[in-house]
Each structure stands twice: as structure tokens, then as C-alpha cells.
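Pasting entry.tsv here (TSV, C-alpha atoms and all ligand atoms):
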```tsv
chain	number	residue	atom	x	y	z
B	1	MET	CA	-216.49	25.10	66.98
B	2	ALA	CA	-219.73	25.23	65.00
B	3	ALA	CA	-221.34	28.63	64.84
B	4	ASP	CA	-224.95	29.55	65.26
B	5	TYR	CA	-226.48	31.87	62.73
B	6	MET	CA	-227.74	35.39	62.98
B	7	TRP	CA	-231.38	34.97	61.94
B	8	VAL	CA	-233.05	37.95	60.28
B	9	ASP	CA	-236.57	37.69	58.83
B	10	GLY	CA	-236.26	33.90	58.82
B	11	ILE	CA	-232.93	33.90	56.96
B	12	PRO	CA	-229.76	32.50	58.54
B	13	PHE	CA	-226.71	34.73	58.12
B	14	PRO	CA	-223.17	33.56	58.98
B	15	THR	CA	-221.41	34.99	62.00
B	16	LEU	CA	-219.28	38.04	61.10
B	17	THR	CA	-222.28	39.50	59.24
B	18	VAL	CA	-222.92	43.16	60.10
B	19	GLU	CA	-225.35	43.23	62.97
B	20	ASN	CA	-227.70	45.87	61.67
B	21	LEU	CA	-228.65	44.80	58.16
B	22	GLU	CA	-231.53	47.26	58.17
B	23	LEU	CA	-229.09	50.14	58.65
B	24	LEU	CA	-226.90	48.78	55.83
B	25	ARG	CA	-229.94	48.63	53.60
B	26	ASN	CA	-231.10	52.14	54.38
B	27	GLU	CA	-227.84	54.04	54.75
B	28	PHE	CA	-225.14	52.53	52.54
B	29	LEU	CA	-224.68	54.78	49.53
B	30	VAL	CA	-224.03	52.91	46.31
B	31	LYS	CA	-222.08	55.07	43.84
B	32	ASP	CA	-222.63	55.10	40.09
B	33	GLU	CA	-219.02	53.95	39.49
B	34	ASP	CA	-219.30	50.89	41.78
B	35	VAL	CA	-218.87	47.40	40.34
B	36	ILE	CA	-220.76	44.76	42.31
B	37	THR	CA	-220.43	40.98	42.23
B	38	LEU	CA	-223.63	39.28	43.36
B	39	SER	CA	-224.45	35.65	43.94
B	40	TYR	CA	-225.94	32.94	46.04
B	41	PRO	CA	-223.04	31.14	47.81
B	42	LYS	CA	-221.17	28.45	45.84
B	43	SER	CA	-222.27	29.76	42.45
B	44	GLY	CA	-218.77	30.73	41.32
B	45	THR	CA	-218.62	34.10	43.09
B	46	ASN	CA	-214.86	34.09	43.53
B	47	TRP	CA	-214.34	33.11	39.92
B	48	LEU	CA	-216.44	36.03	38.70
B	49	LEU	CA	-214.65	38.35	41.11
B	50	GLU	CA	-211.28	37.23	39.73
B	51	ILE	CA	-212.46	37.79	36.16
B	52	ILE	CA	-213.69	41.29	36.99
B	53	CYS	CA	-210.35	42.16	38.63
B	54	LEU	CA	-208.39	40.77	35.68
B	55	ILE	CA	-210.54	42.71	33.21
B	56	HIS	CA	-209.98	45.89	35.25
B	57	SER	CA	-206.21	45.35	35.21
B	58	ARG	CA	-206.40	44.56	31.47
B	59	GLY	CA	-205.07	41.05	31.92
B	60	ASP	CA	-202.10	42.12	34.07
B	61	PRO	CA	-202.07	39.57	36.92
B	62	SER	CA	-200.06	41.69	39.38
B	63	TRP	CA	-203.16	42.96	41.24
B	64	VAL	CA	-204.69	39.50	41.69
B	65	GLN	CA	-201.30	38.12	42.70
B	66	SER	CA	-200.55	40.76	45.31
B	67	VAL	CA	-203.88	41.59	46.98
B	68	ALA	CA	-206.25	39.05	48.56
B	69	ASN	CA	-209.58	38.70	46.77
B	70	TRP	CA	-211.52	39.91	49.83
B	71	ASP	CA	-209.49	43.14	49.77
B	72	ARG	CA	-209.86	43.64	46.02
B	73	SER	CA	-213.64	43.24	46.25
B	74	PRO	CA	-214.64	43.21	49.93
B	75	TRP	CA	-217.81	41.58	51.22
B	76	LEU	CA	-220.49	44.21	51.74
B	77	GLU	CA	-222.39	42.42	54.50
B	78	ILE	CA	-219.34	41.18	56.43
B	79	VAL	CA	-218.12	43.49	59.22
B	80	ASN	CA	-214.53	43.86	57.93
B	81	GLY	CA	-215.57	44.15	54.31
B	82	TYR	CA	-218.15	46.82	55.04
B	83	GLU	CA	-215.49	48.92	56.81
B	84	LYS	CA	-213.07	48.53	53.89
B	85	ILE	CA	-215.67	49.63	51.37
B	86	ARG	CA	-216.60	52.66	53.45
B	87	LYS	CA	-212.94	53.66	53.77
B	88	HIS	CA	-212.25	53.34	50.04
B	89	ARG	CA	-210.68	56.52	48.64
B	90	PRO	CA	-212.04	57.74	45.29
B	91	GLU	CA	-208.51	58.48	44.00
B	92	ASN	CA	-207.92	54.70	44.06
B	93	GLY	CA	-210.46	54.18	41.29
B	94	PRO	CA	-213.91	52.61	41.33
B	95	ARG	CA	-215.09	50.51	44.26
B	96	PHE	CA	-215.46	46.80	43.73
B	97	TYR	CA	-217.47	44.79	46.21
B	98	THR	CA	-219.21	41.47	46.56
B	99	SER	CA	-222.44	40.37	48.19
B	100	HIS	CA	-224.57	37.30	48.84
B	101	LEU	CA	-227.46	39.38	50.19
B	102	PRO	CA	-230.94	38.48	49.02
B	103	ILE	CA	-232.40	41.41	47.06
B	104	GLN	CA	-234.68	42.56	49.89
B	105	PHE	CA	-231.63	43.20	52.10
B	106	PHE	CA	-229.53	45.01	49.49
B	107	PRO	CA	-228.86	48.75	49.93
B	108	LYS	CA	-231.84	50.67	48.58
B	109	SER	CA	-229.60	53.27	46.94
B	110	PHE	CA	-228.46	50.66	44.40
B	111	PHE	CA	-231.87	50.60	42.75
B	112	SER	CA	-231.68	54.25	41.70
B	113	SER	CA	-227.95	54.19	40.85
B	114	LYS	CA	-226.03	53.40	37.67
B	115	ALA	CA	-223.67	51.04	39.50
B	116	LYS	CA	-222.98	47.91	37.49
B	117	ALA	CA	-223.86	44.59	39.06
B	118	ILE	CA	-223.29	41.06	37.79
B	119	TYR	CA	-225.29	38.18	39.28
B	120	ILE	CA	-223.75	34.76	38.71
B	121	ILE	CA	-226.06	31.74	38.77
B	122	ARG	CA	-225.29	28.01	38.84
B	123	ASN	CA	-227.16	24.72	38.71
B	124	PRO	CA	-228.56	24.48	42.27
B	125	ARG	CA	-227.72	20.78	42.39
B	126	ASP	CA	-224.04	21.65	41.93
B	127	ILE	CA	-224.44	24.38	44.55
B	128	ILE	CA	-225.54	21.72	47.03
B	129	ALA	CA	-222.60	19.47	46.15
B	130	SER	CA	-220.12	22.34	46.33
B	131	GLY	CA	-221.72	23.63	49.53
B	132	TYR	CA	-221.54	20.29	51.28
B	133	PHE	CA	-217.75	20.17	51.01
B	134	PHE	CA	-217.37	23.87	51.75
B	135	TRP	CA	-219.69	24.44	54.73
B	136	LYS	CA	-218.30	21.37	56.54
B	137	GLY	CA	-215.09	23.24	57.27
B	138	MET	CA	-216.45	26.76	57.80
B	139	LYS	CA	-216.62	27.98	61.37
B	140	THR	CA	-219.00	30.86	60.64
B	141	VAL	CA	-221.98	28.62	59.83
B	142	LYS	CA	-223.67	25.50	61.12
B	143	PRO	CA	-221.80	22.68	59.34
B	144	PRO	CA	-223.84	19.80	57.91
B	145	GLU	CA	-223.29	16.35	59.37
B	146	SER	CA	-224.28	14.53	56.22
B	147	PHE	CA	-225.09	15.20	52.58
B	148	GLU	CA	-228.73	14.35	53.24
B	149	GLN	CA	-228.87	16.89	56.05
B	150	LEU	CA	-227.54	19.68	53.84
B	151	PHE	CA	-229.89	18.57	51.07
B	152	GLN	CA	-232.88	18.95	53.41
B	153	TRP	CA	-231.65	22.28	54.79
B	154	PHE	CA	-231.23	23.54	51.23
B	155	LEU	CA	-234.78	22.59	50.26
B	156	HIS	CA	-236.09	24.43	53.33
B	157	GLY	CA	-233.85	27.49	53.00
B	158	LYS	CA	-232.04	26.74	56.24
B	159	VAL	CA	-228.62	27.41	54.74
B	160	PRO	CA	-226.50	30.57	54.71
B	161	TYR	CA	-228.41	33.43	53.01
B	162	GLY	CA	-231.61	31.40	52.89
B	163	SER	CA	-233.48	29.78	50.07
B	164	TRP	CA	-231.74	29.58	46.69
B	165	PHE	CA	-235.17	29.63	45.05
B	166	ASP	CA	-236.07	32.92	46.74
B	167	HIS	CA	-232.63	34.43	46.11
B	168	ILE	CA	-232.75	33.75	42.40
B	169	ARG	CA	-236.38	34.81	42.02
B	170	GLY	CA	-235.59	38.06	43.82
B	171	TRP	CA	-232.53	39.04	41.80
B	172	LEU	CA	-233.97	37.84	38.50
B	173	SER	CA	-236.52	40.61	38.82
B	174	MET	CA	-233.63	42.90	37.76
B	175	ARG	CA	-233.35	41.06	34.44
B	176	GLY	CA	-233.23	43.42	31.46
B	177	LYS	CA	-231.97	46.48	33.40
B	178	ASP	CA	-229.03	48.21	31.66
B	179	ASN	CA	-226.79	48.08	34.72
B	180	PHE	CA	-227.55	44.45	35.61
B	181	LEU	CA	-226.00	41.39	33.97
B	182	ILE	CA	-226.98	37.82	34.73
B	183	MET	CA	-224.50	35.16	33.77
B	184	ALA	CA	-224.06	31.50	34.56
B	185	TYR	CA	-221.19	29.43	35.88
B	186	GLU	CA	-222.03	26.95	33.12
B	187	ASP	CA	-221.57	29.67	30.45
B	188	LEU	CA	-218.02	30.18	31.67
B	189	HIS	CA	-217.40	26.49	31.09
B	190	GLN	CA	-219.12	26.30	27.71
B	191	ASP	CA	-217.86	29.52	26.14
B	192	ARG	CA	-215.17	31.06	28.28
B	193	ARG	CA	-213.92	33.61	25.76
B	194	GLY	CA	-217.40	34.74	24.72
B	195	THR	CA	-218.57	35.08	28.32
B	196	VAL	CA	-215.50	37.07	29.37
B	197	GLU	CA	-215.99	39.35	26.34
B	198	LEU	CA	-219.61	39.85	27.38
B	199	ILE	CA	-218.55	40.79	30.92
B	200	SER	CA	-215.89	43.22	29.72
B	201	GLN	CA	-218.29	44.88	27.29
B	202	PHE	CA	-220.86	45.21	30.04
B	203	LEU	CA	-218.26	46.84	32.31
B	204	GLY	CA	-217.17	49.17	29.50
B	205	TYR	CA	-213.68	47.78	28.83
B	206	LYS	CA	-212.38	47.11	25.34
B	207	LEU	CA	-209.57	44.59	25.71
B	208	THR	CA	-206.94	43.85	23.06
B	209	PRO	CA	-206.64	40.17	22.01
B	210	GLU	CA	-203.43	39.90	24.12
B	211	GLU	CA	-205.16	41.35	27.18
B	212	LEU	CA	-208.12	39.02	26.75
B	213	ASN	CA	-205.78	36.02	26.40
B	214	SER	CA	-204.08	36.98	29.62
B	215	VAL	CA	-207.44	37.24	31.43
B	216	LEU	CA	-208.31	33.77	30.13
B	217	LYS	CA	-204.99	32.34	31.26
B	218	ASN	CA	-205.10	33.83	34.75
B	219	MET	CA	-208.72	32.95	35.48
B	220	SER	CA	-208.11	29.23	34.96
B	221	PHE	CA	-208.86	26.83	37.79
B	222	GLN	CA	-205.23	25.79	38.21
B	223	VAL	CA	-203.80	29.31	38.13
B	224	MET	CA	-206.35	30.47	40.72
B	225	LYS	CA	-205.73	27.39	42.85
B	226	ASP	CA	-201.99	28.15	42.87
B	227	ASN	CA	-202.52	31.84	43.70
B	228	LYS	CA	-202.52	32.36	47.47
B	229	MET	CA	-204.37	35.66	47.00
B	230	SER	CA	-207.28	33.79	45.40
B	231	ASN	CA	-207.29	30.31	46.93
B	232	PHE	CA	-208.38	31.24	50.50
B	233	SER	CA	-205.19	29.75	51.99
B	234	GLN	CA	-204.75	33.04	53.89
B	235	VAL	CA	-208.15	32.77	55.59
B	236	PRO	CA	-207.47	32.44	59.35
B	237	ASP	CA	-207.92	29.01	60.95
B	238	THR	CA	-210.50	30.57	63.28
B	239	ILE	CA	-212.78	31.01	60.24
B	240	MET	CA	-211.96	28.02	58.06
B	241	ASP	CA	-210.59	24.54	58.72
B	242	HIS	CA	-208.13	24.18	55.87
B	243	SER	CA	-207.82	20.43	56.40
B	244	ILE	CA	-211.50	20.06	55.40
B	245	THR	CA	-212.38	22.90	53.08
B	246	GLN	CA	-211.00	24.24	49.82
B	247	ILE	CA	-212.64	27.02	47.87
B	248	LEU	CA	-211.23	25.71	44.57
B	249	ARG	CA	-212.40	22.13	44.96
B	250	LYS	CA	-213.22	20.57	41.57
B	251	GLY	CA	-214.39	23.44	39.41
B	252	ILE	CA	-216.59	21.38	37.11
B	253	THR	CA	-220.25	21.24	36.09
B	254	GLY	CA	-222.46	18.27	36.90
B	255	ASP	CA	-220.58	17.01	39.97
B	256	TRP	CA	-223.97	16.64	41.70
B	257	LYS	CA	-224.42	13.39	39.77
B	258	ASN	CA	-221.62	11.89	41.87
B	259	HIS	CA	-223.38	12.77	45.12
B	260	PHE	CA	-227.19	12.73	44.72
B	261	THR	CA	-229.04	9.46	45.34
B	262	VAL	CA	-231.82	8.60	42.92
B	263	ALA	CA	-234.36	9.56	45.63
B	264	GLN	CA	-232.68	12.94	46.20
B	265	SER	CA	-232.64	13.56	42.48
B	266	GLU	CA	-236.38	12.88	42.22
B	267	THR	CA	-237.26	14.93	45.29
B	268	PHE	CA	-235.17	17.82	44.04
B	269	GLY	CA	-236.80	17.66	40.61
B	270	LYS	CA	-240.29	17.95	42.13
B	271	VAL	CA	-239.44	20.84	44.44
B	272	TYR	CA	-237.58	22.60	41.60
B	273	GLU	CA	-240.58	22.36	39.26
B	274	GLU	CA	-242.87	23.83	41.89
B	275	LYS	CA	-240.62	26.63	43.06
B	276	MET	CA	-239.36	27.72	39.64
B	277	ALA	CA	-242.84	28.19	38.17
B	278	GLY	CA	-243.08	31.39	36.16
B	279	LEU	CA	-239.33	32.05	35.98
B	280	PRO	CA	-237.62	32.48	32.57
B	281	ARG	CA	-236.28	28.95	32.28
B	282	GLU	CA	-234.36	29.75	29.08
B	283	ALA	CA	-232.03	31.83	31.28
B	284	PHE	CA	-230.77	28.66	32.98
B	285	PRO	CA	-228.13	26.75	30.99
B	286	TRP	CA	-228.52	23.64	33.15
B	287	GLU	CA	-232.01	23.24	31.68
B	288	ARG	CA	-230.93	23.50	28.06
B	301	LIG	P1	-216.77	23.37	43.40
B	301	LIG	O1	-216.89	23.28	44.87
B	301	LIG	O2	-217.88	22.65	42.69
B	301	LIG	O3	-215.43	22.97	42.90
B	301	LIG	P2	-218.07	30.44	45.33
B	301	LIG	O4	-216.90	31.29	44.94
B	301	LIG	O5	-219.38	31.07	45.01
B	301	LIG	O6	-217.95	29.98	46.73
B	301	LIG	O7	-218.04	29.15	44.40
B	301	LIG	C1	-217.06	28.17	44.55
B	301	LIG	C2	-217.12	27.22	43.36
B	301	LIG	O8	-216.58	27.89	42.20
B	301	LIG	C3	-216.27	25.97	43.60
B	301	LIG	O9	-216.97	24.89	42.98
B	301	LIG	C4	-214.99	26.34	42.84
B	301	LIG	O10	-214.20	25.25	42.47
B	301	LIG	C5	-215.56	27.07	41.64
B	301	LIG	N1	-214.53	27.89	40.97
B	301	LIG	C6	-213.81	28.91	41.49
B	301	LIG	N2	-212.89	29.33	40.61
B	301	LIG	C7	-213.02	28.55	39.51
B	301	LIG	C8	-212.32	28.47	38.27
B	301	LIG	N3	-211.31	29.27	37.98
B	301	LIG	N4	-212.74	27.54	37.37
B	301	LIG	C9	-213.78	26.71	37.64
B	301	LIG	N5	-214.46	26.73	38.81
B	301	LIG	C10	-214.08	27.64	39.73
```
Let me see whether you can do it: turn the structure in this file into C-alpha cells.
Ligand code: A3P
Amino acid sequence: MAADYMWVDGIPFPTLTVENLELLRNEFLVKDEDVITLSYPKSGTNWLLEIICLIHSRGDPSWVQSVANWDRSPWLEIVNGYEKIRKHRPENGPRFYTSHLPIQFFPKSFFSSKAKAIYIIRNPRDIIASGYFFWKGMKTVKPPESFEQLFQWFLHGKVPYGSWFDHIRGWLSMRGKDNFLIMAYEDLHQDRRGTVELISQFLGYKLTPEELNSVLKNMSFQVMKDNKMSNFSQVPDTIMDHSITQILRKGITGDWKNHFTVAQSETFGKVYEEKMAGLPREAFPWER
């Protein structure tokens, strides 16, 4: 059954989103020790989350193999996740949580905290390709009937969490802050070791070469795909149609070239040029 969205300020949110986002924004208290994974959907969120967990456990895979990713780093704006974060006990260490919220919806307390947040970005063309295969089988959103339909929705921000262009412009305003790291899905492909080292330094962990090697081994596409705590196979059928959707689908860069028509490619290029005006283009590896 296809779901209808919860629309707030013109942005469609999936079902299961907390009803009162304004309350979340005003009342949720971000703590200085919190570690937050941020992204626009389909940017590699679950990959980053896995890396953060593996860095925290110093390469020991037992945590990622025994606890589902949505329990290790619950979703802030999803009803169940929000409850889990609020019930977290300080003696269990720092809180990890994940969010797709556009910046204007994010808890205000974050902006005066020392909590560390990492925002992962990805070529928006690949986000469309990844999203097409993902949203088709998700029962919490309106599934696209064709690639062209999703393409049009994406250009008009009528996709879960709204416009990618607005999301990225919003969060990029945090660029340069000490407690905010921006990294790209493409960086993880081009220089995996260097990017993981950057993330661990940012989070304040100094890993031994053996620990780093173990992080690198356990964050691989195949290892994650085989791990039932990371591959979404435990997501209930009421939320996800497993015969259609896989979170770990291809795990490559540039797959959009297999799906965009020439006309879509040209249209996208024009809209992209307009909407990205004034943003630091050198921050985007897909433009290099
Ligand atoms: P594809 O659909 O292009 O394969 P998100 O977690 O934000 O929903 O992003 C999902 C995308 O990240 C999927 O892209 C998925 O394959 C990719 N991904 C997840 N883990 C990965 C890994 N270990 N290596 C490469 N890509 C990964």
C-alpha cells in the first residue's frame, strides 16, 4: 500500500515521522558528546553510520554484527528512533543518531552545542538512480511509477525530505565549523583509507593500523551486504517490500549514466547550474 506523506512547510516527510517536528526542533536537547550522522536520503547514510560505529568499536565488528544499524544510531525524526534516543542511558557511552532533516527542522540546541556531526553528500544524479530503486519498494513514501516521474519529483522537491538543492545549501552553511564535517560518498570510493582516517580524527579516535584495517574490511560493500544487522533484511514487510528494494544495491559511483536519457541529462544540467549558483563547487567531487 502506497503511503501519503506528512507535509510540513511544503516538504514531504515519510509516514512514521514524529508528528510534531516543531516540538522536536524546540525541545530536543543535543548533548556535547553526541555523534550525529546527517544526510539527504540515498547519499550513503548507512555506509557512514557503519564506519562511525566501526571506528567507535576500534575495528571490532561485534557491535555492528549484533545490533541493527537503526538501534546503534537511531533515526531522530522517526517515532521509534526518537524514543530510543531519549531513553539512552549516559553510562552506555555517547549517543549516536542519524537524521535526514533539512537544517531548518533540526533541533535548535545543536547549533550551540559541541556535538559532532558529519554530513555525507553524493552526486545528486546517483541519488536519483539509487532513490528510484529504493523508493519503489518503500511503504512509508509515495513510490514512483517510472524513472521519469521520480526525476521530475526530484527536480521539484516532491521527494522525501524535499529538495536536494535546498538540503545541501542549508547544511553547507555549517561548512568550516569545528564540530561539523562534510564528506562525500565519492571520497570514500576514491580514497577509502584517507577518508576513514579523516573521520576518525574528526571524532577524536586514534586507531592503530590493525584497527584501521579492520574498519576498512568490515565497511566493505560485500561485508555489509552479508551482515543482517546492516543490510535492512530485518526491516518489517509492512515498511519495506524486500522483493523490490535492497539498501545495498550496487554501491558504485556514476550509475546514473545507465539510467538517465540524454534529455534528462541536459535538463538536470541546466537546473543544477541554476540552483547551485554561489555554492562552493570545489567541495563536490563529482564536479572535479
Ligand atoms: P546504490 O543504491 O547506488 O547502490 P543511504 O544509506 O543514504 O540510503 O544510501 C544508500 C546507498 O549507499 C546505496 O547506493 C548503497 O549501495 C550505498 N552503500 C551503502 N553501503 C555501501 C558500501 N559499503 N559501499 C558502497 N556503497 C554503499
May I have the residues within 9 Å of ligand LIG 301 (chain B), computed using only C-alpha atoms and all ligand atoms, as a PyMOL selection string? chain B and resi 39-51+100+120+126-134+185+188-189+218-225+230-231+246-256
Output the selection as an mmCIF file, keeping the file's coordinate frame - C-alpha atoms for each residue.
```
data_model
loop_
_atom_site.group_PDB
_atom_site.id
_atom_site.type_symbol
_atom_site.label_atom_id
_atom_site.label_comp_id
_atom_site.auth_asym_id
_atom_site.auth_seq_id
_atom_site.Cartn_x
_atom_site.Cartn_y
_atom_site.Cartn_z
ATOM 1 C CA SER B 39 -224.450 35.650 43.940
ATOM 2 C CA TYR B 40 -225.940 32.940 46.040
ATOM 3 C CA PRO B 41 -223.040 31.140 47.810
ATOM 4 C CA LYS B 42 -221.170 28.450 45.840
ATOM 5 C CA SER B 43 -222.270 29.760 42.450
ATOM 6 C CA GLY B 44 -218.770 30.730 41.320
ATOM 7 C CA THR B 45 -218.620 34.100 43.090
ATOM 8 C CA ASN B 46 -214.860 34.090 43.530
ATOM 9 C CA TRP B 47 -214.340 33.110 39.920
ATOM 10 C CA LEU B 48 -216.440 36.030 38.700
ATOM 11 C CA LEU B 49 -214.650 38.350 41.110
ATOM 12 C CA GLU B 50 -211.280 37.230 39.730
ATOM 13 C CA ILE B 51 -212.460 37.790 36.160
ATOM 14 C CA HIS B 100 -224.570 37.300 48.840
ATOM 15 C CA ILE B 120 -223.750 34.760 38.710
ATOM 16 C CA ASP B 126 -224.040 21.650 41.930
ATOM 17 C CA ILE B 127 -224.440 24.380 44.550
ATOM 18 C CA ILE B 128 -225.540 21.720 47.030
ATOM 19 C CA ALA B 129 -222.600 19.470 46.150
ATOM 20 C CA SER B 130 -220.120 22.340 46.330
ATOM 21 C CA GLY B 131 -221.720 23.630 49.530
ATOM 22 C CA TYR B 132 -221.540 20.290 51.280
ATOM 23 C CA PHE B 133 -217.750 20.170 51.010
ATOM 24 C CA PHE B 134 -217.370 23.870 51.750
ATOM 25 C CA TYR B 185 -221.190 29.430 35.880
ATOM 26 C CA LEU B 188 -218.020 30.180 31.670
ATOM 27 C CA HIS B 189 -217.400 26.490 31.090
ATOM 28 C CA ASN B 218 -205.100 33.830 34.750
ATOM 29 C CA MET B 219 -208.720 32.950 35.480
ATOM 30 C CA SER B 220 -208.110 29.230 34.960
ATOM 31 C CA PHE B 221 -208.860 26.830 37.790
ATOM 32 C CA GLN B 222 -205.230 25.790 38.210
ATOM 33 C CA VAL B 223 -203.800 29.310 38.130
ATOM 34 C CA MET B 224 -206.350 30.470 40.720
ATOM 35 C CA LYS B 225 -205.730 27.390 42.850
ATOM 36 C CA SER B 230 -207.280 33.790 45.400
ATOM 37 C CA ASN B 231 -207.290 30.310 46.930
ATOM 38 C CA GLN B 246 -211.000 24.240 49.820
ATOM 39 C CA ILE B 247 -212.640 27.020 47.870
ATOM 40 C CA LEU B 248 -211.230 25.710 44.570
ATOM 41 C CA ARG B 249 -212.400 22.130 44.960
ATOM 42 C CA LYS B 250 -213.220 20.570 41.570
ATOM 43 C CA GLY B 251 -214.390 23.440 39.410
ATOM 44 C CA ILE B 252 -216.590 21.380 37.110
ATOM 45 C CA THR B 253 -220.250 21.240 36.090
ATOM 46 C CA GLY B 254 -222.460 18.270 36.900
ATOM 47 C CA ASP B 255 -220.580 17.010 39.970
ATOM 48 C CA TRP B 256 -223.970 16.640 41.700
#
```
For Pro12 in chain B, find every residue with an atom within 9 Å (counting only C-alpha atoms), except residues of its own chain fewer than 4 positions away, and show them as a ChimeraX atom specification. /B:4-8,141,157-162
Enumerate, as number ranges by chain, the protein, DNA and RNA residues whose atoms approach (-234.7, 24.8, 42.2) to within 8 Å, taking into account all atoms listed in the file and the coordinate frame of the file. B: 124, 164-165, 268-269, 271-273, 275-276
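Interatomic distance, CA of Ser200 in chain B against CA of Pro280 in chain B: 24.4 Å.
With CA of Leu198 in chain B on one side and CA of Lys116 in chain B on the other, the separation reads 13.4 Å.
For the set B:Ala283, B:Leu212, B:Val30, B:Ala277, the residue with the smallest atom-to-atom gap to Ser109 in chain B is B:Val30, counting only C-alpha atoms.
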Can you pull range 241-249 of chain B out of that block with all heavy atoms and hand it back as an mmCIF file, in the first residue's frame?
```cif
data_model
loop_
_atom_site.group_PDB
_atom_site.id
_atom_site.type_symbol
_atom_site.label_atom_id
_atom_site.label_comp_id
_atom_site.auth_asym_id
_atom_site.auth_seq_id
_atom_site.Cartn_x
_atom_site.Cartn_y
_atom_site.Cartn_z
ATOM 1 N N ASP B 241 9.181 -3.616 0.970
ATOM 2 C CA ASP B 241 8.956 -4.818 0.167
ATOM 3 C C ASP B 241 10.319 -5.361 -0.266
ATOM 4 O O ASP B 241 10.955 -4.818 -1.178
ATOM 5 C CB ASP B 241 8.079 -4.457 -1.052
ATOM 6 C CG ASP B 241 7.751 -5.692 -1.881
ATOM 7 O OD1 ASP B 241 8.500 -6.685 -1.789
ATOM 8 O OD2 ASP B 241 6.753 -5.648 -2.617
ATOM 9 N N HIS B 242 10.734 -6.410 0.409
ATOM 10 C CA HIS B 242 12.087 -6.934 0.182
ATOM 11 C C HIS B 242 12.267 -7.551 -1.204
ATOM 12 O O HIS B 242 13.398 -7.745 -1.641
ATOM 13 C CB HIS B 242 12.449 -7.954 1.269
ATOM 14 C CG HIS B 242 12.574 -7.326 2.627
ATOM 15 N ND1 HIS B 242 13.734 -6.749 3.085
ATOM 16 C CD2 HIS B 242 11.667 -7.138 3.612
ATOM 17 C CE1 HIS B 242 13.542 -6.253 4.300
ATOM 18 N NE2 HIS B 242 12.283 -6.473 4.642
ATOM 19 N N SER B 243 11.151 -7.833 -1.885
ATOM 20 C CA SER B 243 11.306 -8.399 -3.230
ATOM 21 C C SER B 243 11.644 -7.298 -4.241
ATOM 22 O O SER B 243 12.051 -7.567 -5.360
ATOM 23 C CB SER B 243 10.028 -9.132 -3.649
ATOM 24 O OG SER B 243 8.975 -8.192 -3.799
ATOM 25 N N ILE B 244 11.467 -6.031 -3.834
ATOM 26 C CA ILE B 244 11.732 -4.913 -4.750
ATOM 27 C C ILE B 244 12.991 -4.144 -4.355
ATOM 28 O O ILE B 244 13.793 -3.740 -5.194
ATOM 29 C CB ILE B 244 10.529 -3.931 -4.766
ATOM 30 C CG1 ILE B 244 9.246 -4.651 -5.193
ATOM 31 C CG2 ILE B 244 10.804 -2.720 -5.651
ATOM 32 C CD1 ILE B 244 8.010 -3.773 -5.192
ATOM 33 N N THR B 245 13.129 -3.932 -3.044
ATOM 34 C CA THR B 245 14.123 -2.965 -2.572
ATOM 35 C C THR B 245 15.263 -3.594 -1.778
ATOM 36 O O THR B 245 15.037 -4.446 -0.930
ATOM 37 C CB THR B 245 13.395 -1.921 -1.687
ATOM 38 O OG1 THR B 245 12.663 -1.072 -2.548
ATOM 39 C CG2 THR B 245 14.342 -1.077 -0.882
ATOM 40 N N GLN B 246 16.460 -3.111 -2.070
ATOM 41 C CA GLN B 246 17.645 -3.502 -1.295
ATOM 42 C C GLN B 246 18.393 -2.233 -0.946
ATOM 43 O O GLN B 246 18.621 -1.407 -1.839
ATOM 44 C CB GLN B 246 18.597 -4.324 -2.153
ATOM 45 C CG GLN B 246 18.118 -5.719 -2.445
ATOM 46 C CD GLN B 246 19.160 -6.477 -3.242
ATOM 47 O OE1 GLN B 246 19.988 -5.884 -3.934
ATOM 48 N NE2 GLN B 246 19.137 -7.783 -3.132
ATOM 49 N N ILE B 247 18.808 -2.100 0.291
ATOM 50 C CA ILE B 247 19.558 -0.890 0.648
ATOM 51 C C ILE B 247 20.951 -0.934 0.019
ATOM 52 O O ILE B 247 21.448 0.055 -0.480
ATOM 53 C CB ILE B 247 19.629 -0.685 2.188
ATOM 54 C CG1 ILE B 247 20.344 0.611 2.550
ATOM 55 C CG2 ILE B 247 20.299 -1.821 2.914
ATOM 56 C CD1 ILE B 247 19.550 1.829 2.393
ATOM 57 N N LEU B 248 21.584 -2.115 0.039
ATOM 58 C CA LEU B 248 22.906 -2.244 -0.595
ATOM 59 C C LEU B 248 22.666 -2.785 -1.999
ATOM 60 O O LEU B 248 22.601 -3.988 -2.220
ATOM 61 C CB LEU B 248 23.809 -3.147 0.241
ATOM 62 C CG LEU B 248 24.300 -2.435 1.505
ATOM 63 C CD1 LEU B 248 23.901 -3.168 2.752
ATOM 64 C CD2 LEU B 248 25.799 -2.199 1.464
ATOM 65 N N ARG B 249 22.488 -1.888 -2.930
ATOM 66 C CA ARG B 249 22.066 -2.247 -4.281
ATOM 67 C C ARG B 249 23.286 -2.477 -5.155
ATOM 68 O O ARG B 249 23.643 -3.604 -5.461
ATOM 69 C CB ARG B 249 21.168 -1.119 -4.831
ATOM 70 C CG ARG B 249 20.491 -1.406 -6.150
ATOM 71 C CD ARG B 249 19.747 -0.159 -6.622
ATOM 72 N NE ARG B 249 20.635 0.977 -6.798
ATOM 73 C CZ ARG B 249 21.165 1.363 -7.961
ATOM 74 N NH1 ARG B 249 20.873 0.726 -9.055
ATOM 75 N NH2 ARG B 249 21.975 2.415 -8.023
#
```
